[in-house]
Amino acid sequence: MSQVELLIRGGTVFDGQGRPGRRADVAVGQGRVLAISDTPLPAPAEGEVIDAAGAWVTPGFIDMHTHYDAELELAPELFESLRHGVTTVVTGSCSLSMAVGDPDDLADMFCRVEAIPRAQVLPLLRRVKDWDGPAQYLDHLAGQPLGPNVACLLGHSTIRAAAMGMERALGRGVRPTRAEQARMDGWLEEALDAGYLGLSISTLPWDKMDGEEASPYRSRPMPSVFASWSEYRRLARRLRQRERVLQAVPNISTKVNFPLFLLLSAGWGLRRPLKTTLISMMDIKADRLAFRLAGWMLRLANRLLGADVRMQALPEPFDLWADGIDLVVFEELAAGAAALHLQEAARAQLLRDPEYRAWFKRQWRSRWLPRAFHRRFAESLVLACPDASCVGRSFAQLAEERGQEPEDAFLDLVAEHGTSLRWYTLMGNDRPEWLRWIVAHPDVLIGFSDAGAHLRNMAHYNFPLRLLRLVREAERAGQPFMRVERAIERLTGEIAGWLGLDAGRLEEGRRADLAVVDPARLDPDLDEVAEAEMPGMGGLRRLVRRNDAAVRAVVVGGRVAARCGQPAPGLGQERWGQVLRAGRPGADVPANAPAGARPAPQPLAV
């Protein structure tokens with residue numbers, strides 16, 4: 001056997017392919033799994049031994065929906081995901097990526113919709129962007145000191161704006177010229193050749209552009225929203241030919257275009273299906289039927305029409321925090337978008353205007369306007385406010401005490417306190433029986449964390465652990481709905497296999513990306529939320545969940561990257577993860593290589 005650098009001893013080993021776990025030792029060396037042995041292996045003469053007694057040893061988890069595109073330039077160790085056992089992340093979601101384009105345009109497309117400070121992201125992109133095209137971008141990432149492995153989608157808004165110019169890309173009814181379409185086609189082909197997983201598009205009009213308040217483009221929907229279906233189909237044809245993935249955001253407010261994506265994917269028994277992943281399946285309070293209808297339609301399309309569609313889903317309640325009115329769900333209303341268009345002083349003046357308030361109330365209360373957000377002030381609780389008497393009360397309670405309508409109480413508080421008013425609500429996945437139905441659905445892929453985005457609004461970084469807890473608690477209550485090995489497969493091998501990634505399997509000879517999870521610590525600590533300052537973001541405090549005792553160790557490329565929530569020395573300066581490319585075994589550089597160099601791997605120090 002090659003030199004063993006790391007021995008993980010005595011854990012229950014799961015392979016990520018749905019087979020039951022077995023007690024075994026795992027020997028790692030030169031970035032690979034050298035042996036998985038049912039009989040104890042000798043400790044390495046030079047190296048490290050991790051005691052995994054009572055723990056599960058699993059393939060590293062995969063987060064297939066992140067917006068880490070900006071954070072990769074700031075803190076490429078991505079430790080908020082890594083600490084929870086996530087060893088591979090996918091970027092370029094929701095039509096947004098950094099592969100091509102002007103830094104100003106990239107920041108304007110990315111920052112408002114993903115709730116990331118433009119004041120920090122724009123100068124960062126201006127400083128670091130040294131690539132020109134999809135292939136060069138992957139090469140750039142390969143030179144970063146990555147924590148987890150990274151795979152990419154190409155963003156349709158990104159290439160549309162770069163090919164057509166922002167004015168034309170955001171024009172209603174404006175179709176690309178032949179030359180502009182050829183540029184998009186060319187970038188897509190270059191990306192697929194370079195190993196991108198596929199293309200992401202968006203049809204959701206309440207994802208809005210950022211920019212200076214005077215910008216003519218601020219508050220318009222993303223460029224991808226303005227594309228015709230013929231443009232989507234043309235790009236999808238290339239994905240189908242190459243057996244790559246289309247990630248799409250349907251219009252989740254109206255839901256009318258959901259069937260069109262099923263038909264786009266369908267092979268009808270005459271052609272390859274188009275791999276399509278849609279965002280997302282959720283039991284939202286605003287519509288208790290939609291997710292079930294979507295689940296039944298998925299089954300019919302995949303079985304009868306020869307489609308290959310998977311909806312993304314989170315295995316946990318979908319809760320939201322907000323500072324004032326700064327929350328993407330308000331973009332669903334024209335009145336909400338009008339307020340978010342303005343900076344804080346002008347916004348406060350607008351919110352006090354009686355005509356604006358009447359408009360806001362009409363839209364907020366309308367039974368006919370489509371909705372994804374529940375709009376229930378009785379279920380929206382004030383967490384922090386300069387007026388301490390508001391804390392711990394819902395907006396509906398405050399309105400009753402003040403003799404106001406709930407909308408007026410909310411708008412008064414936002415106008416007076418702005419982003420100093422912090423509040424909480426639960427949007428969906430609040431019914432355990434239906435949450436179990438969602439995560440067990442055969443046409444669901446577990447993901448949609450939005451990690452790296454909505455930094456003040458949500459914290460789903462530890463979703464893999466919360467699925468494992470959901471499964472374990474149901475089993476212990478005598479109501480099992482999924483076996484542990486199947487849950488681990490859903491978080492690892494199933495996602496990797498569908499995306500075409502060399503990841504998600506714990507087997508001899510494969511790259512050693514794995515997590516050591518203590519099932520006894522899959523407890524209520526997984527739900528606890530805290531705030532932590534995010535370096536390089538102007539003092540912004542990110543919402544996080546940190547349940548460090550649940551993950552004893554995380555290994556990427558054969559090296560221990562985290563121990564009980566603590567980063568390994570050198571993380572963020574040296575490379576642990578690699579750029580993973582679709583359809584290719586292995587990755588760009590040998591495991592263990594420091595950023596910017598390609599030396600042979602070295603054994604771990606004791």
# chains A, B, ... in the order shown; residues from 1 in each chain; ligands from 1
$ select_by_dssp --residues "range 339-549 of chain A" --states "helix (DSSP H, G or I)" --output "PyMOL selection string"
chain A and resi 339-340+344-352+354-365+377-379+388-390+395-402+406-420+432-440+463-476+484-491+493-499+519-521+524-527+548-549
$ closest_atom_pairs --of "range 413-530 of chain A" --to "range 378-397 of chain A" --cutoff "12 Å" --atoms "only C-alpha atoms" --output "CSV"
residue,atom,partner,partner_atom,distance
A:Leu413,CA,A:Cys385,CA,8.8
A:Val414,CA,A:Cys385,CA,10.0
A:Glu416,CA,A:Pro386,CA,9.6
A:His417,CA,A:Pro386,CA,7.1
A:Gly418,CA,A:Cys385,CA,9.6
A:Thr419,CA,A:Cys385,CA,9.1
A:Ser420,CA,A:Cys385,CA,5.9
A:Leu421,CA,A:Cys385,CA,4.7
A:Arg422,CA,A:Ala384,CA,5.0
A:Trp423,CA,A:Val382,CA,4.2
A:Tyr424,CA,A:Leu381,CA,5.2
A:Thr425,CA,A:Ser380,CA,4.7
A:Leu426,CA,A:Glu379,CA,7.5
A:Met427,CA,A:Glu379,CA,9.5
A:Gly428,CA,A:Glu379,CA,11.8
$ write_last_selection --atoms "N, CA, C and O atoms" --output "mmCIF file, in the first residue's frame"
data_model
loop_
_atom_site.group_PDB
_atom_site.id
_atom_site.type_symbol
_atom_site.label_atom_id
_atom_site.label_comp_id
_atom_site.auth_asym_id
_atom_site.auth_seq_id
_atom_site.Cartn_x
_atom_site.Cartn_y
_atom_site.Cartn_z
ATOM 1 N N LEU A 413 -42.745 51.841 11.172
ATOM 2 C CA LEU A 413 -41.522 51.377 11.823
ATOM 3 C C LEU A 413 -40.343 51.353 10.861
ATOM 4 O O LEU A 413 -39.221 51.725 11.224
ATOM 5 N N VAL A 414 -40.574 50.921 9.620
ATOM 6 C CA VAL A 414 -39.487 50.915 8.644
ATOM 7 C C VAL A 414 -39.068 52.344 8.305
ATOM 8 O O VAL A 414 -37.876 52.646 8.186
ATOM 9 N N GLU A 416 -39.248 54.937 10.210
ATOM 10 C CA GLU A 416 -38.573 55.554 11.354
ATOM 11 C C GLU A 416 -37.209 54.943 11.629
ATOM 12 O O GLU A 416 -36.242 55.661 11.921
ATOM 13 N N HIS A 417 -37.114 53.622 11.516
ATOM 14 C CA HIS A 417 -35.900 52.945 11.984
ATOM 15 C C HIS A 417 -35.060 52.338 10.859
ATOM 16 O O HIS A 417 -33.925 51.913 11.106
ATOM 17 N N GLY A 418 -35.596 52.256 9.652
ATOM 18 C CA GLY A 418 -34.837 51.707 8.525
ATOM 19 C C GLY A 418 -34.342 50.307 8.794
ATOM 20 O O GLY A 418 -35.066 49.457 9.325
ATOM 21 N N THR A 419 -33.083 50.075 8.485
ATOM 22 C CA THR A 419 -32.527 48.733 8.640
ATOM 23 C C THR A 419 -32.186 48.384 10.085
ATOM 24 O O THR A 419 -31.745 47.266 10.370
ATOM 25 N N SER A 420 -32.393 49.312 11.003
ATOM 26 C CA SER A 420 -32.211 48.991 12.427
ATOM 27 C C SER A 420 -33.378 48.171 12.972
ATOM 28 O O SER A 420 -33.301 47.656 14.088
ATOM 29 N N LEU A 421 -34.451 48.100 12.191
ATOM 30 C CA LEU A 421 -35.589 47.249 12.553
ATOM 31 C C LEU A 421 -35.332 45.852 12.007
ATOM 32 O O LEU A 421 -35.258 45.654 10.800
ATOM 33 N N ARG A 422 -35.178 44.897 12.892
ATOM 34 C CA ARG A 422 -34.902 43.517 12.455
ATOM 35 C C ARG A 422 -36.060 42.625 12.880
ATOM 36 O O ARG A 422 -36.513 42.677 14.033
ATOM 37 N N TRP A 423 -36.515 41.790 11.942
ATOM 38 C CA TRP A 423 -37.676 40.954 12.213
ATOM 39 C C TRP A 423 -37.535 39.599 11.535
ATOM 40 O O TRP A 423 -36.644 39.393 10.712
ATOM 41 N N TYR A 424 -38.444 38.697 11.916
ATOM 42 C CA TYR A 424 -38.327 37.290 11.511
ATOM 43 C C TYR A 424 -39.691 36.763 11.089
ATOM 44 O O TYR A 424 -40.733 37.144 11.635
ATOM 45 N N THR A 425 -39.675 35.847 10.108
ATOM 46 C CA THR A 425 -40.881 35.116 9.755
ATOM 47 C C THR A 425 -40.506 33.761 9.192
ATOM 48 O O THR A 425 -39.360 33.516 8.816
ATOM 49 N N LEU A 426 -41.476 32.870 9.140
ATOM 50 C CA LEU A 426 -41.294 31.525 8.598
ATOM 51 C C LEU A 426 -42.094 31.432 7.304
ATOM 52 O O LEU A 426 -43.309 31.596 7.306
ATOM 53 N N MET A 427 -41.390 31.186 6.198
ATOM 54 C CA MET A 427 -42.037 31.229 4.892
ATOM 55 C C MET A 427 -42.656 29.891 4.503
ATOM 56 O O MET A 427 -43.669 29.844 3.817
ATOM 57 N N GLY A 428 -42.046 28.786 4.914
ATOM 58 C CA GLY A 428 -42.579 27.495 4.490
ATOM 59 C C GLY A 428 -41.824 26.326 5.079
ATOM 60 O O GLY A 428 -40.945 26.483 5.926
#
$ select_by_dssp --residues "range 183-218 of chain A" --states "strand (DSSP E or B)" --output "list in words"
Gly198, Leu199, Ser200, Ile201, Ser202 and Lys208 of chain A
$ write_last_selection --atoms "C-alpha atoms" --output "PDB file, in the first residue's frame"
ATOM      1  CA  GLY A 198     -24.256  23.597 -17.868  1.00  0.00           C
ATOM      2  CA  LEU A 199     -26.222  26.828 -18.020  1.00  0.00           C
ATOM      3  CA  SER A 200     -28.433  28.643 -15.512  1.00  0.00           C
ATOM      4  CA  ILE A 201     -31.352  30.836 -16.581  1.00  0.00           C
ATOM      5  CA  SER A 202     -34.045  32.822 -14.769  1.00  0.00           C
ATOM      6  CA  LYS A 208     -33.824  42.973  -9.825  1.00  0.00           C
TER       7      LYS A 208
END
$ residues_around --residues "Val89 in chain A" --least-positions-apart "6" --cutoff "9 Å" --atoms "only C-alpha atoms" --output "NGL selection string"
:A and (61-66 or 68 or 81 or 148-152)
$ residues_around --residues "Pro76 in chain A" --least-positions-apart "2" --cutoff "10 Å" --atoms "only C-alpha atoms" --output "MDAnalysis selection string"
chainID A and resid 68:74 78:79 141 144:148 150 571:573 575 577
$ residues_around --residues "range 463-471 of chain A" --least-positions-apart "5" --cutoff "9 Å" --atoms "only C-alpha atoms" --output "VMD selection string"
chain A and resid 61 to 63 84 to 86 314 to 316 436 439 446 to 447 449 476 480 to 484 487 to 488 491 517 519 522 to 523 526 to 527 550 to 551
$ closest_residue --among "A:Glu507, A:Glu433, A:Pro223, A:Ala348" --to "Asp412 in chain A" --atoms "only C-alpha atoms"
A:Ala348
$ atom_distance --atom1 "CA of Asp525 in chain A" --atom2 "CA of Asn429 in chain A"
18.9 Å
$ closest_atom_pairs --of "range 172-234 of chain A" --to "range 105-121 of chain A" --cutoff "12 Å" --atoms "only C-alpha atoms" --output "JSON lines"
{"residue": "A:Ser202", "atom": "CA", "partner": "A:Val113", "partner_atom": "CA", "distance": 11.8}
{"residue": "A:Leu204", "atom": "CA", "partner": "A:Val113", "partner_atom": "CA", "distance": 10.9}
{"residue": "A:Pro205", "atom": "CA", "partner": "A:Val113", "partner_atom": "CA", "distance": 10.7}
{"residue": "A:Trp206", "atom": "CA", "partner": "A:Val113", "partner_atom": "CA", "distance": 8.4}
{"residue": "A:Asp207", "atom": "CA", "partner": "A:Val113", "partner_atom": "CA", "distance": 5.3}
{"residue": "A:Lys208", "atom": "CA", "partner": "A:Val113", "partner_atom": "CA", "distance": 5.6}
{"residue": "A:Met209", "atom": "CA", "partner": "A:Met109", "partner_atom": "CA", "distance": 5.2}
{"residue": "A:Asp210", "atom": "CA", "partner": "A:Asp108", "partner_atom": "CA", "distance": 4.4}
{"residue": "A:Gly211", "atom": "CA", "partner": "A:Asp108", "partner_atom": "CA", "distance": 5.2}
{"residue": "A:Glu212", "atom": "CA", "partner": "A:Asp108", "partner_atom": "CA", "distance": 8.8}
{"residue": "A:Glu213", "atom": "CA", "partner": "A:Asp108", "partner_atom": "CA", "distance": 11.4}
{"residue": "A:Ser215", "atom": "CA", "partner": "A:Asp108", "partner_atom": "CA", "distance": 10.1}
{"residue": "A:Pro216", "atom": "CA", "partner": "A:Asp108", "partner_atom": "CA", "distance": 11.7}
{"residue": "A:Tyr217", "atom": "CA", "partner": "A:Asp108", "partner_atom": "CA", "distance": 8.8}
{"residue": "A:Arg218", "atom": "CA", "partner": "A:Asp108", "partner_atom": "CA", "distance": 7.9}
{"residue": "A:Ser219", "atom": "CA", "partner": "A:Arg112", "partner_atom": "CA", "distance": 8.9}
{"residue": "A:Arg220", "atom": "CA", "partner": "A:Met109", "partner_atom": "CA", "distance": 9.9}
{"residue": "A:Pro221", "atom": "CA", "partner": "A:Met109", "partner_atom": "CA", "distance": 9.1}
{"residue": "A:Met222", "atom": "CA", "partner": "A:Met109", "partner_atom": "CA", "distance": 6.7}
{"residue": "A:Pro223", "atom": "CA", "partner": "A:Met109", "partner_atom": "CA", "distance": 8.4}
{"residue": "A:Ser224", "atom": "CA", "partner": "A:Met109", "partner_atom": "CA", "distance": 10.5}
$ atom_distance --atom1 "CA of Arg581 in chain A" --atom2 "CA of Ala135 in chain A"
10.9 Å
$ closest_residue --among "A:Arg552, A:Arg541, A:Arg511, A:Arg233" --to "Arg32 in chain A" --atoms "only C-alpha atoms"
A:Arg511
$ residues_around --residues "range 240-250 of chain A" --least-positions-apart "3" --cutoff "8 Å" --atoms "only C-alpha atoms" --output "PDB file with N, CA, C and O atoms, in the first residue's frame"
ATOM      1  N   SER A  93     -25.320  30.080 -10.160  1.00  0.00           N
ATOM      2  CA  SER A  93     -26.747  29.769 -10.118  1.00  0.00           C
ATOM      3  C   SER A  93     -27.600  30.959 -10.556  1.00  0.00           C
ATOM      4  O   SER A  93     -27.156  32.107 -10.555  1.00  0.00           O
ATOM      5  N   CYS A  94     -28.844  30.663 -10.906  1.00  0.00           N
ATOM      6  CA  CYS A  94     -29.889  31.677 -11.132  1.00  0.00           C
ATOM      7  C   CYS A  94     -29.541  32.674 -12.231  1.00  0.00           C
ATOM      8  O   CYS A  94     -29.912  33.839 -12.153  1.00  0.00           O
ATOM      9  N   SER A  95     -28.832  32.244 -13.249  1.00  0.00           N
ATOM     10  CA  SER A  95     -28.436  33.028 -14.425  1.00  0.00           C
ATOM     11  C   SER A  95     -27.257  33.947 -14.167  1.00  0.00           C
ATOM     12  O   SER A  95     -26.872  34.706 -15.050  1.00  0.00           O
ATOM     13  N   LEU A 192     -18.738  24.625 -21.935  1.00  0.00           N
ATOM     14  CA  LEU A 192     -18.955  23.183 -21.888  1.00  0.00           C
ATOM     15  C   LEU A 192     -17.663  22.433 -22.184  1.00  0.00           C
ATOM     16  O   LEU A 192     -17.378  21.400 -21.571  1.00  0.00           O
ATOM     17  N   LEU A 197     -20.786  22.674 -15.734  1.00  0.00           N
ATOM     18  CA  LEU A 197     -21.867  21.699 -15.605  1.00  0.00           C
ATOM     19  C   LEU A 197     -22.995  21.971 -16.584  1.00  0.00           C
ATOM     20  O   LEU A 197     -23.722  21.054 -16.970  1.00  0.00           O
ATOM     21  N   GLY A 198     -23.179  23.224 -16.964  1.00  0.00           N
ATOM     22  CA  GLY A 198     -24.256  23.597 -17.868  1.00  0.00           C
ATOM     23  C   GLY A 198     -24.533  25.073 -17.765  1.00  0.00           C
ATOM     24  O   GLY A 198     -23.622  25.879 -17.514  1.00  0.00           O
ATOM     25  N   LEU A 199     -25.794  25.432 -17.945  1.00  0.00           N
ATOM     26  CA  LEU A 199     -26.222  26.828 -18.020  1.00  0.00           C
ATOM     27  C   LEU A 199     -27.333  27.072 -17.001  1.00  0.00           C
ATOM     28  O   LEU A 199     -28.196  26.217 -16.807  1.00  0.00           O
ATOM     29  N   SER A 200     -27.329  28.254 -16.394  1.00  0.00           N
ATOM     30  CA  SER A 200     -28.433  28.643 -15.512  1.00  0.00           C
ATOM     31  C   SER A 200     -29.177  29.812 -16.126  1.00  0.00           C
ATOM     32  O   SER A 200     -28.558  30.740 -16.676  1.00  0.00           O
ATOM     33  N   ILE A 201     -30.520  29.763 -16.068  1.00  0.00           N
ATOM     34  CA  ILE A 201     -31.352  30.836 -16.581  1.00  0.00           C
ATOM     35  C   ILE A 201     -32.355  31.235 -15.497  1.00  0.00           C
ATOM     36  O   ILE A 201     -32.534  30.525 -14.510  1.00  0.00           O
ATOM     37  N   SER A 202     -33.017  32.376 -15.701  1.00  0.00           N
ATOM     38  CA  SER A 202     -34.045  32.822 -14.769  1.00  0.00           C
ATOM     39  C   SER A 202     -35.196  33.447 -15.534  1.00  0.00           C
ATOM     40  O   SER A 202     -34.990  34.207 -16.479  1.00  0.00           O
ATOM     41  N   THR A 203     -36.414  33.128 -15.111  1.00  0.00           N
ATOM     42  CA  THR A 203     -37.608  33.761 -15.666  1.00  0.00           C
ATOM     43  C   THR A 203     -38.391  34.490 -14.575  1.00  0.00           C
ATOM     44  O   THR A 203     -39.555  34.823 -14.772  1.00  0.00           O
ATOM     45  N   LEU A 204     -37.753  34.735 -13.432  1.00  0.00           N
ATOM     46  CA  LEU A 204     -38.433  35.329 -12.282  1.00  0.00           C
ATOM     47  C   LEU A 204     -38.264  36.848 -12.293  1.00  0.00           C
ATOM     48  O   LEU A 204     -37.162  37.347 -12.040  1.00  0.00           O
ATOM     49  N   ALA A 236     -30.595  25.534 -24.913  1.00  0.00           N
ATOM     50  CA  ALA A 236     -30.870  24.212 -24.338  1.00  0.00           C
ATOM     51  C   ALA A 236     -30.512  23.093 -25.308  1.00  0.00           C
ATOM     52  O   ALA A 236     -30.121  21.990 -24.887  1.00  0.00           O
ATOM     53  N   ARG A 237     -30.645  23.352 -26.605  1.00  0.00           N
ATOM     54  CA  ARG A 237     -30.318  22.330 -27.600  1.00  0.00           C
ATOM     55  C   ARG A 237     -28.850  21.920 -27.474  1.00  0.00           C
ATOM     56  O   ARG A 237     -28.501  20.737 -27.592  1.00  0.00           O
ATOM     57  N   LYS A 255     -46.263  30.801 -11.498  1.00  0.00           N
ATOM     58  CA  LYS A 255     -46.119  29.350 -11.708  1.00  0.00           C
ATOM     59  C   LYS A 255     -46.610  28.885 -13.084  1.00  0.00           C
ATOM     60  O   LYS A 255     -46.650  27.687 -13.361  1.00  0.00           O
ATOM     61  N   ASN A 257     -45.258  29.114 -16.037  1.00  0.00           N
ATOM     62  CA  ASN A 257     -44.296  28.559 -17.004  1.00  0.00           C
ATOM     63  C   ASN A 257     -43.654  27.263 -16.519  1.00  0.00           C
ATOM     64  O   ASN A 257     -42.811  26.688 -17.209  1.00  0.00           O
ATOM     65  N   PHE A 258     -44.044  26.774 -15.352  1.00  0.00           N
ATOM     66  CA  PHE A 258     -43.500  25.508 -14.859  1.00  0.00           C
ATOM     67  C   PHE A 258     -43.705  24.374 -15.863  1.00  0.00           C
ATOM     68  O   PHE A 258     -42.752  23.631 -16.164  1.00  0.00           O
ATOM     69  N   ARG A 272     -32.668  12.584 -26.579  1.00  0.00           N
ATOM     70  CA  ARG A 272     -32.219  12.615 -25.195  1.00  0.00           C
ATOM     71  C   ARG A 272     -33.076  13.607 -24.399  1.00  0.00           C
ATOM     72  O   ARG A 272     -33.388  14.690 -24.888  1.00  0.00           O
ATOM     73  N   PRO A 273     -33.404  13.276 -23.173  1.00  0.00           N
ATOM     74  CA  PRO A 273     -34.024  14.299 -22.322  1.00  0.00           C
ATOM     75  C   PRO A 273     -32.994  15.372 -21.976  1.00  0.00           C
ATOM     76  O   PRO A 273     -31.786  15.115 -22.000  1.00  0.00           O
ATOM     77  N   LEU A 274     -33.478  16.557 -21.706  1.00  0.00           N
ATOM     78  CA  LEU A 274     -32.619  17.638 -21.245  1.00  0.00           C
ATOM     79  C   LEU A 274     -32.595  17.603 -19.718  1.00  0.00           C
ATOM     80  O   LEU A 274     -33.629  17.758 -19.068  1.00  0.00           O
ATOM     81  N   LYS A 275     -31.423  17.408 -19.151  1.00  0.00           N
ATOM     82  CA  LYS A 275     -31.297  17.452 -17.698  1.00  0.00           C
ATOM     83  C   LYS A 275     -31.659  18.855 -17.224  1.00  0.00           C
ATOM     84  O   LYS A 275     -30.991  19.825 -17.576  1.00  0.00           O
ATOM     85  N   THR A 276     -32.707  18.943 -16.416  1.00  0.00           N
ATOM     86  CA  THR A 276     -33.210  20.242 -15.986  1.00  0.00           C
ATOM     87  C   THR A 276     -33.456  20.220 -14.491  1.00  0.00           C
ATOM     88  O   THR A 276     -34.114  19.309 -13.980  1.00  0.00           O
ATOM     89  N   THR A 277     -32.908  21.200 -13.782  1.00  0.00           N
ATOM     90  CA  THR A 277     -33.172  21.320 -12.355  1.00  0.00           C
ATOM     91  C   THR A 277     -33.843  22.655 -12.095  1.00  0.00           C
ATOM     92  O   THR A 277     -33.394  23.700 -12.576  1.00  0.00           O
ATOM     93  N   LEU A 278     -34.956  22.610 -11.358  1.00  0.00           N
ATOM     94  CA  LEU A 278     -35.795  23.781 -11.131  1.00  0.00           C
ATOM     95  C   LEU A 278     -35.780  24.173  -9.657  1.00  0.00           C
ATOM     96  O   LEU A 278     -35.642  23.333  -8.769  1.00  0.00           O
ATOM     97  N   ILE A 279     -35.975  25.453  -9.420  1.00  0.00           N
ATOM     98  CA  ILE A 279     -35.895  26.036  -8.083  1.00  0.00           C
ATOM     99  C   ILE A 279     -37.280  26.564  -7.697  1.00  0.00           C
ATOM    100  O   ILE A 279     -37.814  27.427  -8.376  1.00  0.00           O
ATOM    101  N   SER A 280     -37.861  26.071  -6.683  1.00  0.00           N
ATOM    102  CA  SER A 280     -37.516  24.917  -5.872  1.00  0.00           C
ATOM    103  C   SER A 280     -38.820  24.343  -5.346  1.00  0.00           C
ATOM    104  O   SER A 280     -39.867  24.989  -5.449  1.00  0.00           O
ATOM    105  N   LEU A 499     -25.318  15.414 -11.860  1.00  0.00           N
ATOM    106  CA  LEU A 499     -24.603  16.566 -12.427  1.00  0.00           C
ATOM    107  C   LEU A 499     -23.433  16.148 -13.311  1.00  0.00           C
ATOM    108  O   LEU A 499     -22.946  16.963 -14.097  1.00  0.00           O
ATOM    109  N   GLY A 500     -22.975  14.914 -13.186  1.00  0.00           N
ATOM    110  CA  GLY A 500     -21.812  14.486 -13.949  1.00  0.00           C
ATOM    111  C   GLY A 500     -20.495  14.890 -13.309  1.00  0.00           C
ATOM    112  O   GLY A 500     -19.521  15.196 -14.007  1.00  0.00           O
TER     113      GLY A 500
END
$ atom_distance --atom1 "CA of Ser157 in chain A" --atom2 "CA of Ala227 in chain A"
9.3 Å
$ closest_residue --among "A:Val13, A:Ile8, A:Tyr196, A:Phe377" --to "Arg505 in chain A" --atoms "only C-alpha atoms"
A:Val13
